[in-house]
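K.L.:
Take a look at the following structure, please.
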Amino acid sequence: MTAVPEGKHAQIGDGLSMHYHEEGTGDVVLFLHGSGPGASGWSNFRRNYPYVAKAGFRTLVPDTLGYGHSSKPDNVDYTLDFLEGAVERFLAQLGVTRCAVIGNSHGGAMAIKLALNRPELVSKLVLMAPGGLEERETYMKMEGIRTMMKAFLDPAGITRESMRKVFRLQLFDPSLVTDEILDERAEIAVLQPKRVLTSMQVPHLAPELSKITCPVFGLWGMNDKFCPVSGATRIAESCARARVLLLNQCGHWVMVEHRDVFNRLCVDFLREPT
């Protein structure tokens, strides 16, 4: 039995497969996870998507290419365009023509890109500390990003201890980094080619935010060590139909540290008429 359970697979062309979990019926809600060693949709959102499904939505929780149980090609650059394009193909394969999107960190940047590229497809956005709202140099100064890259590029490879150091920085309360979380991540991390992170490119999306016309709900931890909280102001100032919630005593994983608040407020937002 694996630490990260296997769900379904969608063939998206070019010999690539995207793995995903699905639960519930109703309007579609797509969850897009963040990056980092061993990330997967299930590990990021297993405390959240069943709640949303029970509230009356069809939840889709894919692993983006290079992560989870999805294909991990080692001959491509993992740019945002490449990964977001794969998500578009994934949705088309499942026949989805309209959905709300919930994105965390790198997945938040993907959600923004999806809304910009396909506004007719995205009905609402929930963004948790999305990437792409500052210049690259700003992110590379963040303690969490530096620690993550050091762990991923270590010649000895990813270890449980190096992952523990990374994930303790993801949370305001480091005691929440359990052996269970490490098991979930370690299982996937050993399968990931280094190109997944070394070739990852996220453009500066802040200048494009004003083009987003759908309702946006942003959440940001005040103690985030990966994506600076200044991004919350950028969303509030630039997106015409935005609201943003800042949470103290909270790091990068809002959906983990403030699970109940996150679940309840997301469902309330998803139920609002557009």
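Chain identifiers are assigned as A, B, and so on, following the order in which chains appear in the structure tokens; residues are numbered from 1 within each chain, and ligands are numbered from 1 in order of appearance.
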Using only C-alpha atoms, find each residue of region 103-175 of chain A with at least one atom at most 12 Å away from an atom of region 224-240 of chain A; report its shortest atom-to-atom pair and that distance in Å (one decimal), sort the rows by chain and rising residue number, and return the result as JSON lines.
P.N.:
{"residue": "A:Asn104", "atom": "CA", "partner": "A:Cys227", "partner_atom": "CA", "distance": 10.5}
{"residue": "A:Ser105", "atom": "CA", "partner": "A:Cys227", "partner_atom": "CA", "distance": 7.4}
{"residue": "A:His106", "atom": "CA", "partner": "A:Cys227", "partner_atom": "CA", "distance": 9.7}
{"residue": "A:Gly108", "atom": "CA", "partner": "A:Cys227", "partner_atom": "CA", "distance": 11.0}
{"residue": "A:Ala109", "atom": "CA", "partner": "A:Cys227", "partner_atom": "CA", "distance": 11.2}
{"residue": "A:Ile112", "atom": "CA", "partner": "A:Ile235", "partner_atom": "CA", "distance": 10.7}
{"residue": "A:Ala115", "atom": "CA", "partner": "A:Cys239", "partner_atom": "CA", "distance": 11.8}
{"residue": "A:Leu116", "atom": "CA", "partner": "A:Cys239", "partner_atom": "CA", "distance": 11.8}
{"residue": "A:Lys124", "atom": "CA", "partner": "A:Cys239", "partner_atom": "CA", "distance": 11.9}
{"residue": "A:Leu125", "atom": "CA", "partner": "A:Cys239", "partner_atom": "CA", "distance": 10.8}
{"residue": "A:Val126", "atom": "CA", "partner": "A:Ile235", "partner_atom": "CA", "distance": 11.2}
{"residue": "A:Leu127", "atom": "CA", "partner": "A:Ile235", "partner_atom": "CA", "distance": 9.3}
{"residue": "A:Met128", "atom": "CA", "partner": "A:Ala232", "partner_atom": "CA", "distance": 9.2}
{"residue": "A:Ala129", "atom": "CA", "partner": "A:Cys227", "partner_atom": "CA", "distance": 6.1}
{"residue": "A:Pro130", "atom": "CA", "partner": "A:Cys227", "partner_atom": "CA", "distance": 7.3}
{"residue": "A:Gly131", "atom": "CA", "partner": "A:Cys227", "partner_atom": "CA", "distance": 6.5}
{"residue": "A:Gly132", "atom": "CA", "partner": "A:Gly231", "partner_atom": "CA", "distance": 8.9}
{"residue": "A:Leu133", "atom": "CA", "partner": "A:Gly231", "partner_atom": "CA", "distance": 5.7}
{"residue": "A:Glu134", "atom": "CA", "partner": "A:Gly231", "partner_atom": "CA", "distance": 7.2}
{"residue": "A:Glu135", "atom": "CA", "partner": "A:Gly231", "partner_atom": "CA", "distance": 11.0}
{"residue": "A:Arg136", "atom": "CA", "partner": "A:Cys227", "partner_atom": "CA", "distance": 10.7}
{"residue": "A:Glu137", "atom": "CA", "partner": "A:Cys227", "partner_atom": "CA", "distance": 11.8}
{"residue": "A:Thr138", "atom": "CA", "partner": "A:Pro228", "partner_atom": "CA", "distance": 8.3}
{"residue": "A:Tyr139", "atom": "CA", "partner": "A:Cys227", "partner_atom": "CA", "distance": 6.6}
{"residue": "A:Met140", "atom": "CA", "partner": "A:Phe226", "partner_atom": "CA", "distance": 8.9}
{"residue": "A:Lys141", "atom": "CA", "partner": "A:Phe226", "partner_atom": "CA", "distance": 9.1}
{"residue": "A:Met142", "atom": "CA", "partner": "A:Phe226", "partner_atom": "CA", "distance": 5.6}
{"residue": "A:Glu143", "atom": "CA", "partner": "A:Lys225", "partner_atom": "CA", "distance": 5.8}
{"residue": "A:Gly144", "atom": "CA", "partner": "A:Phe226", "partner_atom": "CA", "distance": 4.8}
{"residue": "A:Ile145", "atom": "CA", "partner": "A:Phe226", "partner_atom": "CA", "distance": 5.5}
{"residue": "A:Arg146", "atom": "CA", "partner": "A:Phe226", "partner_atom": "CA", "distance": 8.8}
{"residue": "A:Thr147", "atom": "CA", "partner": "A:Phe226", "partner_atom": "CA", "distance": 9.7}
{"residue": "A:Met148", "atom": "CA", "partner": "A:Phe226", "partner_atom": "CA", "distance": 9.4}
{"residue": "A:Met149", "atom": "CA", "partner": "A:Phe226", "partner_atom": "CA", "distance": 11.5}
{"residue": "A:Val166", "atom": "CA", "partner": "A:Phe226", "partner_atom": "CA", "distance": 10.1}
{"residue": "A:Phe167", "atom": "CA", "partner": "A:Lys225", "partner_atom": "CA", "distance": 10.6}
{"residue": "A:Arg168", "atom": "CA", "partner": "A:Lys225", "partner_atom": "CA", "distance": 10.3}
{"residue": "A:Leu169", "atom": "CA", "partner": "A:Lys225", "partner_atom": "CA", "distance": 6.5}
{"residue": "A:Gln170", "atom": "CA", "partner": "A:Lys225", "partner_atom": "CA", "distance": 6.9}
{"residue": "A:Leu171", "atom": "CA", "partner": "A:Asp224", "partner_atom": "CA", "distance": 7.8}
{"residue": "A:Phe172", "atom": "CA", "partner": "A:Asp224", "partner_atom": "CA", "distance": 8.0}
{"residue": "A:Asp173", "atom": "CA", "partner": "A:Asp224", "partner_atom": "CA", "distance": 11.6}
K.L.:
With C-alpha atoms retained, could you export that selection as a JSON list (two decimals), in the first residue's frame?
P.N.:
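Wrote again09.json, looks like this:
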[["chain", "number", "residue", "atom", "x", "y", "z"],
["A", 104, "ASN", "CA", -1.94, 26.97, -3.69],
["A", 105, "SER", "CA", 1.51, 28.51, -4.28],
["A", 106, "HIS", "CA", 2.77, 27.29, -7.69],
["A", 108, "GLY", "CA", -2.05, 29.43, -7.56],
["A", 109, "ALA", "CA", 0.17, 30.81, -10.32],
["A", 112, "ILE", "CA", -4.07, 32.69, -12.50],
["A", 115, "ALA", "CA", -7.95, 32.30, -15.85],
["A", 116, "LEU", "CA", -5.95, 34.65, -18.10],
["A", 124, "LYS", "CA", -14.06, 31.66, -9.80],
["A", 125, "LEU", "CA", -10.57, 31.66, -8.30],
["A", 126, "VAL", "CA", -9.44, 30.77, -4.79],
["A", 127, "LEU", "CA", -5.77, 31.71, -4.46],
["A", 128, "MET", "CA", -3.65, 30.68, -1.47],
["A", 129, "ALA", "CA", -0.33, 32.55, -1.51],
["A", 130, "PRO", "CA", 0.04, 32.14, -5.28],
["A", 131, "GLY", "CA", 3.41, 32.41, -6.95],
["A", 132, "GLY", "CA", 4.22, 34.78, -9.78],
["A", 133, "LEU", "CA", 3.27, 38.00, -8.03],
["A", 134, "GLU", "CA", 6.84, 39.18, -7.42],
["A", 135, "GLU", "CA", 10.01, 39.17, -9.50],
["A", 136, "ARG", "CA", 12.05, 35.95, -9.34],
["A", 137, "GLU", "CA", 14.81, 37.63, -7.31],
["A", 138, "THR", "CA", 12.34, 38.34, -4.52],
["A", 139, "TYR", "CA", 11.38, 34.69, -4.19],
["A", 140, "MET", "CA", 14.98, 33.52, -4.21],
["A", 141, "LYS", "CA", 15.60, 35.61, -1.09],
["A", 142, "MET", "CA", 12.84, 33.84, 0.85],
["A", 143, "GLU", "CA", 14.10, 31.43, 3.50],
["A", 144, "GLY", "CA", 11.68, 28.70, 2.51],
["A", 145, "ILE", "CA", 12.57, 28.81, -1.20],
["A", 146, "ARG", "CA", 16.32, 28.75, -0.47],
["A", 147, "THR", "CA", 15.93, 25.77, 1.85],
["A", 148, "MET", "CA", 13.77, 23.90, -0.65],
["A", 149, "MET", "CA", 16.23, 24.38, -3.52],
["A", 166, "VAL", "CA", 11.60, 22.42, 4.26],
["A", 167, "PHE", "CA", 8.15, 21.55, 5.56],
["A", 168, "ARG", "CA", 8.79, 22.99, 9.01],
["A", 169, "LEU", "CA", 9.20, 26.33, 7.22],
["A", 170, "GLN", "CA", 5.87, 25.83, 5.42],
["A", 171, "LEU", "CA", 4.00, 26.06, 8.73],
["A", 172, "PHE", "CA", 3.81, 28.51, 11.59],
["A", 173, "ASP", "CA", 3.43, 25.52, 13.93]]
K.L.:
Skipping near chain neighbours, those fewer than 5 positions away, what residues fall within 9 Å of Pro193 (chain A) using only C-alpha atoms, listed as a PyMOL selection string?
P.N.:
chain A and resi 66+72-74
K.L.:
Counting only C-alpha atoms, what is within 12 Å of Ala55 (chain A), bar same-chain residues fewer than 2 positions away, as a ChimeraX atom specification?
P.N.:
/A:23-29,48-53,57-59,263-271
K.L.:
Export N, CA and C atoms of the chosen residues as a PDB file, in the first residue's frame?
P.N.:
ATOM      1  N   GLU A  23     -14.113  13.316  -6.571  1.00  0.00           N
ATOM      2  CA  GLU A  23     -15.144  13.008  -5.581  1.00  0.00           C
ATOM      3  C   GLU A  23     -16.275  14.016  -5.712  1.00  0.00           C
ATOM      4  N   GLY A  24     -17.509  13.527  -5.545  1.00  0.00           N
ATOM      5  CA  GLY A  24     -18.667  14.412  -5.529  1.00  0.00           C
ATOM      6  C   GLY A  24     -19.296  14.627  -6.895  1.00  0.00           C
ATOM      7  N   THR A  25     -20.441  15.283  -6.885  1.00  0.00           N
ATOM      8  CA  THR A  25     -21.151  15.636  -8.107  1.00  0.00           C
ATOM      9  C   THR A  25     -21.607  17.086  -8.004  1.00  0.00           C
ATOM     10  N   GLY A  26     -21.835  17.705  -9.164  1.00  0.00           N
ATOM     11  CA  GLY A  26     -22.265  19.100  -9.184  1.00  0.00           C
ATOM     12  C   GLY A  26     -21.310  19.937 -10.007  1.00  0.00           C
ATOM     13  N   ASP A  27     -21.308  21.229  -9.754  1.00  0.00           N
ATOM     14  CA  ASP A  27     -20.376  22.119 -10.452  1.00  0.00           C
ATOM     15  C   ASP A  27     -18.938  21.712 -10.136  1.00  0.00           C
ATOM     16  N   VAL A  28     -18.073  21.839 -11.124  1.00  0.00           N
ATOM     17  CA  VAL A  28     -16.702  21.344 -10.993  1.00  0.00           C
ATOM     18  C   VAL A  28     -15.830  22.342 -10.229  1.00  0.00           C
ATOM     19  N   VAL A  29     -15.041  21.819  -9.291  1.00  0.00           N
ATOM     20  CA  VAL A  29     -14.015  22.588  -8.587  1.00  0.00           C
ATOM     21  C   VAL A  29     -12.683  21.875  -8.803  1.00  0.00           C
ATOM     22  N   ASN A  48      -9.228  18.833   2.509  1.00  0.00           N
ATOM     23  CA  ASN A  48     -10.114  19.886   2.008  1.00  0.00           C
ATOM     24  C   ASN A  48     -11.109  19.424   0.958  1.00  0.00           C
ATOM     25  N   TYR A  49     -10.635  18.692  -0.044  1.00  0.00           N
ATOM     26  CA  TYR A  49     -11.542  18.410  -1.153  1.00  0.00           C
ATOM     27  C   TYR A  49     -12.720  17.509  -0.769  1.00  0.00           C
ATOM     28  N   PRO A  50     -12.587  16.572   0.183  1.00  0.00           N
ATOM     29  CA  PRO A  50     -13.789  15.813   0.564  1.00  0.00           C
ATOM     30  C   PRO A  50     -14.880  16.706   1.180  1.00  0.00           C
ATOM     31  N   TYR A  51     -14.480  17.742   1.921  1.00  0.00           N
ATOM     32  CA  TYR A  51     -15.443  18.682   2.497  1.00  0.00           C
ATOM     33  C   TYR A  51     -16.181  19.425   1.383  1.00  0.00           C
ATOM     34  N   VAL A  52     -15.434  19.870   0.381  1.00  0.00           N
ATOM     35  CA  VAL A  52     -16.047  20.591  -0.738  1.00  0.00           C
ATOM     36  C   VAL A  52     -16.971  19.665  -1.525  1.00  0.00           C
ATOM     37  N   ALA A  53     -16.551  18.417  -1.695  1.00  0.00           N
ATOM     38  CA  ALA A  53     -17.389  17.449  -2.407  1.00  0.00           C
ATOM     39  C   ALA A  53     -18.712  17.205  -1.665  1.00  0.00           C
ATOM     40  N   PHE A  57     -20.272  19.653  -4.691  1.00  0.00           N
ATOM     41  CA  PHE A  57     -19.457  19.969  -5.855  1.00  0.00           C
ATOM     42  C   PHE A  57     -18.721  18.725  -6.342  1.00  0.00           C
ATOM     43  N   ARG A  58     -18.417  18.715  -7.635  1.00  0.00           N
ATOM     44  CA  ARG A  58     -17.560  17.670  -8.212  1.00  0.00           C
ATOM     45  C   ARG A  58     -16.124  18.162  -8.125  1.00  0.00           C
ATOM     46  N   THR A  59     -15.330  17.532  -7.295  1.00  0.00           N
ATOM     47  CA  THR A  59     -13.950  17.966  -7.081  1.00  0.00           C
ATOM     48  C   THR A  59     -12.995  17.128  -7.923  1.00  0.00           C
ATOM     49  N   ASN A 263     -11.973  25.553   4.674  1.00  0.00           N
ATOM     50  CA  ASN A 263     -13.034  24.751   4.066  1.00  0.00           C
ATOM     51  C   ASN A 263     -14.368  25.495   4.078  1.00  0.00           C
ATOM     52  N   ARG A 264     -14.708  26.055   5.210  1.00  0.00           N
ATOM     53  CA  ARG A 264     -16.004  26.733   5.335  1.00  0.00           C
ATOM     54  C   ARG A 264     -16.093  27.957   4.431  1.00  0.00           C
ATOM     55  N   LEU A 265     -15.050  28.791   4.431  1.00  0.00           N
ATOM     56  CA  LEU A 265     -15.095  30.016   3.641  1.00  0.00           C
ATOM     57  C   LEU A 265     -15.028  29.724   2.142  1.00  0.00           C
ATOM     58  N   CYS A 266     -14.313  28.687   1.757  1.00  0.00           N
ATOM     59  CA  CYS A 266     -14.266  28.315   0.347  1.00  0.00           C
ATOM     60  C   CYS A 266     -15.640  27.880  -0.151  1.00  0.00           C
ATOM     61  N   VAL A 267     -16.305  27.050   0.622  1.00  0.00           N
ATOM     62  CA  VAL A 267     -17.638  26.596   0.215  1.00  0.00           C
ATOM     63  C   VAL A 267     -18.604  27.781   0.145  1.00  0.00           C
ATOM     64  N   ASP A 268     -18.540  28.673   1.124  1.00  0.00           N
ATOM     65  CA  ASP A 268     -19.402  29.871   1.079  1.00  0.00           C
ATOM     66  C   ASP A 268     -19.146  30.666  -0.195  1.00  0.00           C
ATOM     67  N   PHE A 269     -17.877  30.833  -0.531  1.00  0.00           N
ATOM     68  CA  PHE A 269     -17.514  31.606  -1.731  1.00  0.00           C
ATOM     69  C   PHE A 269     -17.975  30.890  -2.993  1.00  0.00           C
ATOM     70  N   LEU A 270     -17.790  29.576  -3.045  1.00  0.00           N
ATOM     71  CA  LEU A 270     -18.187  28.808  -4.225  1.00  0.00           C
ATOM     72  C   LEU A 270     -19.692  28.819  -4.451  1.00  0.00           C
ATOM     73  N   ARG A 271     -20.442  28.934  -3.363  1.00  0.00           N
ATOM     74  CA  ARG A 271     -21.913  28.924  -3.463  1.00  0.00           C
ATOM     75  C   ARG A 271     -22.491  30.279  -3.863  1.00  0.00           C
TER      76      ARG A 271
END
K.L.:
Applying 12 Å and only C-alpha atoms, which residues near Glu187 (chain A) remain after dropping the ones on its own chain fewer than 4 positions away? List them as a list in words.
P.N.:
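Counting only C-alpha atoms, the residues come to Met1, Thr2, Ala3, Val4, Pro5, Pro37, Gly38, Ala39, Ser40, Ser43, Tyr67, Gly68, His69, Ile158, Thr159, Arg160, Met163, Glu180, Ile181, Leu182, Asp183, Leu191 and Gln192 of chain A.
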K.L.:
Among region 16-259 of chain A, which ones does DSSP place in alpha helix (DSSP H), written as a ChimeraX atom specification?
P.N.:
/A:41-45,49-54,80-93,106-117,136-140,143-153,160-170,179-189,195-198,230-238,254-257,259
K.L.:
Let's see if you can do this: from backbone DSSP, list all strand (DSSP E or B) residues in region 59-157 of chain A, as a PyMOL selection string.
P.N.:
chain A and resi 59-62+79+99-104+122-128
